[in-house]
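Data file: upload31.pdb. Format and content: PDB, C-alpha atoms and all ligand atoms.
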ATOM      1  CA  MET A 166      13.051 -21.227 -18.193
ATOM      2  CA  SER A 167      10.550 -19.517 -15.965
ATOM      3  CA  ASP A 168       7.024 -20.959 -16.080
ATOM      4  CA  ARG A 169       4.664 -18.731 -18.061
ATOM      5  CA  ARG A 170       1.912 -19.467 -15.576
ATOM      6  CA  ILE A 171       3.747 -17.364 -12.934
ATOM      7  CA  GLN A 172       2.998 -13.636 -12.912
ATOM      8  CA  LEU A 173       4.507 -10.978 -10.664
ATOM      9  CA  VAL A 174       2.398  -7.868 -10.168
ATOM     10  CA  LYS A 175       2.547  -4.838  -7.913
ATOM     11  CA  GLY A 176      -0.671  -4.139  -6.053
ATOM     12  CA  ASP A 177      -3.284  -5.121  -3.528
ATOM     13  CA  ILE A 178      -4.140  -8.815  -3.263
ATOM     14  CA  THR A 179      -7.723  -8.093  -2.197
ATOM     15  CA  GLN A 180      -8.460  -6.842  -5.748
ATOM     16  CA  GLN A 181      -7.349 -10.068  -7.437
ATOM     17  CA  ARG A 182      -9.999 -11.936  -9.410
ATOM     18  CA  VAL A 183      -8.747 -15.492  -8.941
ATOM     19  CA  ASP A 184     -10.167 -18.730  -7.551
ATOM     20  CA  ALA A 185      -8.283 -18.220  -4.270
ATOM     21  CA  ILE A 186      -6.151 -15.583  -2.621
ATOM     22  CA  VAL A 187      -3.683 -16.591   0.076
ATOM     23  CA  ASN A 188      -3.647 -14.886   3.457
ATOM     24  CA  ALA A 189      -0.407 -14.587   5.472
ATOM     25  CA  ALA A 190      -2.291 -15.329   8.662
ATOM     26  CA  ASN A 191      -1.382 -16.125  12.266
ATOM     27  CA  THR A 192      -2.116 -19.381  14.061
ATOM     28  CA  SER A 193      -5.257 -18.027  15.740
ATOM     29  CA  LEU A 194      -6.895 -17.222  12.369
ATOM     30  CA  ARG A 195      -8.624 -14.330  14.151
ATOM     31  CA  GLY A 196      -7.293 -11.625  11.834
ATOM     32  CA  GLY A 197      -4.398  -9.228  12.344
ATOM     33  CA  GLY A 198      -2.497  -6.419  10.609
ATOM     34  CA  GLY A 199      -0.711  -6.395   7.252
ATOM     35  CA  VAL A 200      -2.278  -8.382   4.450
ATOM     36  CA  ASP A 201      -4.437 -10.306   6.945
ATOM     37  CA  GLY A 202      -6.112  -7.073   8.077
ATOM     38  CA  ALA A 203      -6.593  -5.922   4.482
ATOM     39  CA  ILE A 204      -8.220  -9.230   3.483
ATOM     40  CA  HIS A 205     -10.595  -9.221   6.459
ATOM     41  CA  ARG A 206     -11.595  -5.604   5.813
ATOM     42  CA  ALA A 207     -12.293  -6.284   2.140
ATOM     43  CA  ALA A 208     -14.072  -9.611   2.714
ATOM     44  CA  GLY A 209     -16.408  -8.311   5.424
ATOM     45  CA  PRO A 210     -17.437  -9.850   8.754
ATOM     46  CA  GLY A 211     -18.502 -13.225   7.320
ATOM     47  CA  LEU A 212     -14.838 -14.149   6.913
ATOM     48  CA  LEU A 213     -13.996 -13.733  10.601
ATOM     49  CA  GLU A 214     -17.151 -15.622  11.549
ATOM     50  CA  GLU A 215     -16.088 -18.605   9.450
ATOM     51  CA  CYS A 216     -12.482 -18.369  10.672
ATOM     52  CA  ARG A 217     -13.683 -18.565  14.284
ATOM     53  CA  THR A 218     -15.179 -21.985  13.587
ATOM     54  CA  LEU A 219     -11.843 -23.430  12.421
ATOM     55  CA  GLY A 220     -10.030 -23.566  15.767
ATOM     56  CA  GLY A 221      -6.787 -22.035  14.502
ATOM     57  CA  CYS A 222      -4.097 -23.450  12.240
ATOM     58  CA  PRO A 223      -0.522 -24.585  12.973
ATOM     59  CA  THR A 224       2.410 -22.723  11.400
ATOM     60  CA  GLY A 225       3.105 -24.061   7.902
ATOM     61  CA  ASP A 226      -0.346 -25.577   7.532
ATOM     62  CA  ALA A 227      -3.336 -24.013   5.695
ATOM     63  CA  ARG A 228      -7.117 -23.685   5.939
ATOM     64  CA  ILE A 229      -9.644 -22.669   3.309
ATOM     65  CA  THR A 230     -12.693 -20.425   3.673
ATOM     66  CA  LYS A 231     -15.067 -18.694   1.322
ATOM     67  CA  GLY A 232     -14.149 -15.251  -0.028
ATOM     68  CA  TYR A 233     -17.321 -13.380   0.992
ATOM     69  CA  ASP A 234     -17.209  -9.827  -0.444
ATOM     70  CA  LEU A 235     -13.874 -10.392  -2.200
ATOM     71  CA  PRO A 236     -13.676 -10.934  -5.956
ATOM     72  CA  ALA A 237     -11.825 -14.192  -5.120
ATOM     73  CA  ARG A 238     -14.058 -17.201  -4.440
ATOM     74  CA  TYR A 239     -11.889 -18.581  -1.636
ATOM     75  CA  VAL A 240      -9.263 -17.493   0.871
ATOM     76  CA  ILE A 241      -6.510 -19.889   1.898
ATOM     77  CA  HIS A 242      -5.094 -18.904   5.293
ATOM     78  CA  THR A 243      -1.557 -19.993   6.098
ATOM     79  CA  PRO A 244       0.505 -18.859   9.098
ATOM     80  CA  GLY A 245       4.158 -18.391   8.202
ATOM     81  CA  PRO A 246       7.003 -18.718  10.711
ATOM     82  CA  VAL A 247       8.171 -15.763  12.785
ATOM     83  CA  TRP A 248      11.796 -15.220  11.717
ATOM     84  CA  GLN A 249      14.113 -15.944  14.645
ATOM     85  CA  GLY A 250      17.471 -16.012  12.877
ATOM     86  CA  GLY A 251      17.040 -19.125  10.759
ATOM     87  CA  GLY A 252      17.817 -21.792  13.344
ATOM     88  CA  VAL A 253      14.329 -22.978  14.195
ATOM     89  CA  ASN A 254      13.213 -24.514  10.927
ATOM     90  CA  GLU A 255      11.931 -21.267   9.425
ATOM     91  CA  ASP A 256      12.881 -22.216   5.827
ATOM     92  CA  ALA A 257      11.037 -25.545   5.933
ATOM     93  CA  LEU A 258       8.018 -23.977   7.625
ATOM     94  CA  LEU A 259       7.781 -21.269   4.985
ATOM     95  CA  ALA A 260       8.082 -23.887   2.219
ATOM     96  CA  SER A 261       5.336 -25.819   3.967
ATOM     97  CA  CYS A 262       2.970 -22.816   3.716
ATOM     98  CA  TYR A 263       3.244 -23.024  -0.078
ATOM     99  CA  GLN A 264       2.975 -26.832  -0.129
ATOM    100  CA  SER A 265      -0.119 -26.805   2.112
ATOM    101  CA  THR A 266      -1.729 -24.131  -0.051
ATOM    102  CA  PHE A 267      -1.172 -26.095  -3.258
ATOM    103  CA  ALA A 268      -2.561 -29.237  -1.605
ATOM    104  CA  LEU A 269      -5.795 -27.355  -0.848
ATOM    105  CA  LEU A 270      -5.941 -25.937  -4.381
ATOM    106  CA  HIS A 271      -5.646 -29.472  -5.709
ATOM    107  CA  ASP A 272      -8.298 -30.861  -3.328
ATOM    108  CA  HIS A 273     -10.764 -28.142  -4.330
ATOM    109  CA  ASN A 274      -9.902 -28.241  -8.020
ATOM    110  CA  LEU A 275      -8.926 -24.554  -8.077
ATOM    111  CA  LYS A 276      -6.895 -23.280 -11.017
ATOM    112  CA  THR A 277      -5.894 -19.693 -10.282
ATOM    113  CA  VAL A 278      -4.297 -18.340  -7.111
ATOM    114  CA  ALA A 279      -2.687 -15.152  -5.815
ATOM    115  CA  PHE A 280       0.006 -15.137  -3.122
ATOM    116  CA  PRO A 281       1.311 -12.275  -1.005
ATOM    117  CA  SER A 282       4.910 -12.423   0.191
ATOM    118  CA  ILE A 283       4.255 -14.716   3.163
ATOM    119  CA  GLY A 284       6.350 -14.030   6.252
ATOM    120  CA  THR A 285       8.290 -10.986   5.074
ATOM    121  CA  GLY A 286       6.278  -8.259   6.803
ATOM    122  CA  ILE A 287       5.452  -8.391  10.494
ATOM    123  CA  TYR A 288       7.142 -11.828  10.791
ATOM    124  CA  ARG A 289      10.449 -10.382   9.405
ATOM    125  CA  PHE A 290      11.531 -13.315   7.209
ATOM    126  CA  PRO A 291      14.405 -11.967   5.032
ATOM    127  CA  ILE A 292      12.905 -11.062   1.680
ATOM    128  CA  ASP A 293      15.570 -12.475  -0.663
ATOM    129  CA  ARG A 294      15.564 -15.788   1.132
ATOM    130  CA  ALA A 295      11.758 -15.925   1.273
ATOM    131  CA  SER A 296      11.324 -15.073  -2.408
ATOM    132  CA  ARG A 297      13.677 -17.897  -3.446
ATOM    133  CA  ILE A 298      11.803 -20.401  -1.282
ATOM    134  CA  ALA A 299       8.443 -19.156  -2.605
ATOM    135  CA  LEU A 300       9.476 -19.495  -6.246
ATOM    136  CA  ARG A 301      11.076 -22.881  -5.717
ATOM    137  CA  GLU A 302       7.864 -24.220  -4.176
ATOM    138  CA  ILE A 303       5.598 -22.565  -6.734
ATOM    139  CA  ARG A 304       7.574 -24.025  -9.614
ATOM    140  CA  ARG A 305       7.641 -27.443  -8.037
ATOM    141  CA  ALA A 306       3.863 -27.376  -7.531
ATOM    142  CA  LEU A 307       3.263 -26.200 -11.104
ATOM    143  CA  ASN A 308       5.346 -29.075 -12.412
ATOM    144  CA  GLU A 309       3.301 -31.513 -10.364
ATOM    145  CA  ASN A 310      -0.093 -29.910 -11.159
ATOM    146  CA  PRO A 311      -0.623 -29.212 -14.858
ATOM    147  CA  SER A 312      -4.204 -28.178 -14.055
ATOM    148  CA  ILE A 313      -3.065 -24.979 -12.275
ATOM    149  CA  GLU A 314      -3.478 -22.196 -14.837
ATOM    150  CA  ARG A 315      -2.120 -19.099 -13.131
ATOM    151  CA  VAL A 316      -0.138 -18.154 -10.024
ATOM    152  CA  VAL A 317      -0.016 -14.429  -9.327
ATOM    153  CA  ILE A 318       2.535 -13.118  -6.848
ATOM    154  CA  VAL A 319       1.257  -9.805  -5.541
ATOM    155  CA  ALA A 320       3.986  -7.463  -4.283
ATOM    156  CA  PHE A 321       2.567  -4.680  -2.160
ATOM    157  CA  ASP A 322       5.710  -2.553  -2.162
ATOM    158  CA  GLU A 323       8.778  -1.846  -4.279
ATOM    159  CA  ARG A 324      11.137  -3.789  -2.020
ATOM    160  CA  THR A 325       9.061  -6.948  -2.405
ATOM    161  CA  PHE A 326       8.602  -6.456  -6.141
ATOM    162  CA  ASP A 327      12.373  -6.017  -6.606
ATOM    163  CA  ALA A 328      13.222  -9.104  -4.543
ATOM    164  CA  TYR A 329      10.856 -11.334  -6.516
ATOM    165  CA  THR A 330      12.115  -9.867  -9.781
ATOM    166  CA  ARG A 331      15.677 -10.809  -8.758
ATOM    167  CA  ALA A 332      14.587 -14.291  -7.714
ATOM    168  CA  LEU A 333      12.717 -14.816 -10.998
ATOM    169  CA  MET A 334      15.801 -13.753 -12.941
ATOM    170  CA  GLU A 335      18.009 -16.130 -10.939
ATOM    171  CA  GLU A 336      15.637 -18.957 -11.767
ATOM    172  CA  SER A 337      15.537 -18.294 -15.474
ATOM    173  CA  SER A 338      19.310 -17.780 -15.850
TER     174      SER A 338
HETATM  175  N1  LIG B 401      -1.864  -7.007  -0.721
HETATM  176  C1  LIG B 401      -0.708  -7.689  -0.918
HETATM  177  N2  LIG B 401       0.296  -7.685  -0.024
HETATM  178  C2  LIG B 401       0.124  -6.974   1.120
HETATM  179  C3  LIG B 401      -1.047  -6.258   1.407
HETATM  180  C4  LIG B 401      -2.076  -6.291   0.426
HETATM  181  N3  LIG B 401      -3.232  -5.650   0.594
HETATM  182  N4  LIG B 401      -0.889  -5.665   2.624
HETATM  183  C5  LIG B 401       0.342  -5.991   3.071
HETATM  184  N5  LIG B 401       0.957  -6.772   2.166
HETATM  185  C6  LIG B 401       2.312  -7.352   2.177
HETATM  186  C7  LIG B 401       3.343  -6.755   3.112
HETATM  187  O1  LIG B 401       3.838  -5.526   2.574
HETATM  188  C8  LIG B 401       4.396  -7.851   3.078
HETATM  189  O2  LIG B 401       5.221  -7.717   1.917
HETATM  190  O3  LIG B 401       2.261  -8.705   2.586
HETATM  191  C9  LIG B 401       3.572  -9.118   2.948
HETATM  192  C10 LIG B 401       3.479  -9.952   4.211
HETATM  193  O4  LIG B 401       3.430  -9.108   5.329
HETATM  194  P1  LIG B 401       2.448  -9.326   6.571
HETATM  195  O5  LIG B 401       1.062  -9.069   6.172
HETATM  196  O6  LIG B 401       3.008  -8.543   7.694
HETATM  197  O7  LIG B 401       2.558 -10.936   6.858
HETATM  198  P2  LIG B 401       3.636 -11.787   7.710
HETATM  199  O8  LIG B 401       4.995 -11.197   7.683
HETATM  200  O9  LIG B 401       3.467 -13.194   7.245
HETATM  201  O10 LIG B 401       3.127 -11.653   9.192
HETATM  202  C11 LIG B 401       1.965 -12.321   9.600
HETATM  203  O11 LIG B 401       0.896 -10.375  10.401
HETATM  204  O12 LIG B 401      -1.088  -9.334  10.626
HETATM  205  C12 LIG B 401      -0.425 -10.319  10.934
HETATM  206  O13 LIG B 401      -2.170 -11.881  11.398
HETATM  207  C13 LIG B 401      -0.954 -11.705  10.729
HETATM  208  O14 LIG B 401       0.133 -12.083  12.766
HETATM  209  C14 LIG B 401       0.206 -12.345  11.382
HETATM  210  C15 LIG B 401       1.400 -11.625  10.802
END
Written form, structure tokens:
Amino acid sequence: MSDRRIQLVKGDITQQRVDAIVNAANTSLRGGGGVDGAIHRAAGPGLLEECRTLGGCPTGDARITKGYDLPARYVIHTPGPVWQGGGVNEDALLASCYQSTFALLHDHNLKTVAFPSIGTGIYRFPIDRASRIALREIRRALNENPSIERVVIVAFDERTFDAYTRALMEESS
């Protein structure tokens, strides 16, 4: 059975009214393209200012900042792995992005979160593989954290929405 706390929506993560949205960042935490660029544009310059004080973040780890002009109270920045064929620990590093994010949610007592599809844009992680890893980690974290109320997966495009739909169906079958 799929967990009722997981929702898949099509849309723009910057519009999500949740405790924290997750940013598919890079290790510099200085902004970038894709969802990172969209989040920085919507949050305003305060976000980059705070990010500059953090001194970067290793791949698979996560850092939390305030949300500034976003409807979300916090942003959790996590750099995914650059896909290099699967032989350099990409699966475990992607799983670690989700684990690190849930650890921060727990530490800050946050109950609602929205994720983009980490790694599957500019970093080219194969979408079917990434969506299975994402859902496995999300479900595991929900089982361990009854206080999490809602996890929204925000698919920006049809391809991403379809891949997560398939992965959700695999899980519930
Ligand atoms: N809302 C939700 N999802 C979005 C949005 C948005 N506003 N904009 C883009 N996306 C989607 C992409 O379509 C893709 O499905 O986020 C997913 C992740 O893609 P990227 O943003 O390219 O992230 P990633 O593959 O992890 O690459 C990270 O991109 O910009 C840089 O600084 C970032 O260098 C890092 C790299």
When the PyMOL selection byres (((chain A and resi 240-252) around 6) and not hetatm) is applied to the structure above, which residues does it catch, written out as a ChimeraX atom specification? /A:185-192,224-232,239,253-255,259,262,284,288-290
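Interatomic distance, atom O9 of ligand LIG 401 (chain B) to CA of Ile303 in chain A: 17.0 Å.
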Distance of CA of Ile178 in chain A from atom O5 of ligand LIG 401 (chain B), expressed in Å to one decimal place: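 Straight-line distance from atom O5 of ligand LIG 401 (chain B) to CA of Ile178 in chain A works out to 10.8 Å.
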As an exercise, work out the distance from CA of Glu335 in chain A to CA of Ala306 in chain A in Å and give it to one decimal place.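 CA of Ala306 in chain A lies 18.4 Å from CA of Glu335 in chain A.
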As a list in words, please: every protein or nucleic acid residue near ligand LIG 401 (chain B) (cut-off 6 Å, counting only C-alpha atoms and all ligand atoms).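 The neighbouring residues of ligand LIG 401 (chain B) are, in order, Asp177, Ile178, Thr179, Ala189, Ala190, Asn191, Gly196, Gly197, Gly198, Gly199, Val200, Asp201, Ala203, Gly245, Pro281, Ser282, Ile283, Gly284, Thr285, Gly286, Ile287, Tyr288, Arg289, Val319, Ala320, Phe321, Asp322 and Thr325 of chain A.
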Any idea what's packed within 12 Å of Glu323 in chain A, counting only C-alpha atoms, ignoring anything in its chain fewer than 6 positions away? Could you give it as a CSV table (one decimal) with C-alpha atoms, in the coordinates of the input?
chain,number,residue,atom,x,y,z
A,173,LEU,CA,4.5,-11.0,-10.7
A,174,VAL,CA,2.4,-7.9,-10.2
A,175,LYS,CA,2.5,-4.8,-7.9
A,176,GLY,CA,-0.7,-4.1,-6.1
A,292,ILE,CA,12.9,-11.1,1.7
A,329,TYR,CA,10.9,-11.3,-6.5
A,330,THR,CA,12.1,-9.9,-9.8
Neighbour list for range 269-279 of chain A as a PyMOL selection string, cut-off 6 Å, only C-alpha atoms, skip fewer than 6 positions in-chain: chain A and resi 183-186+313-318
Near range 299-301 of chain A, within 7 Å and counting only C-alpha atoms, which residues show up once chain neighbours fewer than 3 positions away are dropped, as a list in words?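 These residues fall inside the cut-off: Ala260, Tyr263, Ala295, Ser296, Arg304 and Arg305 of chain A.
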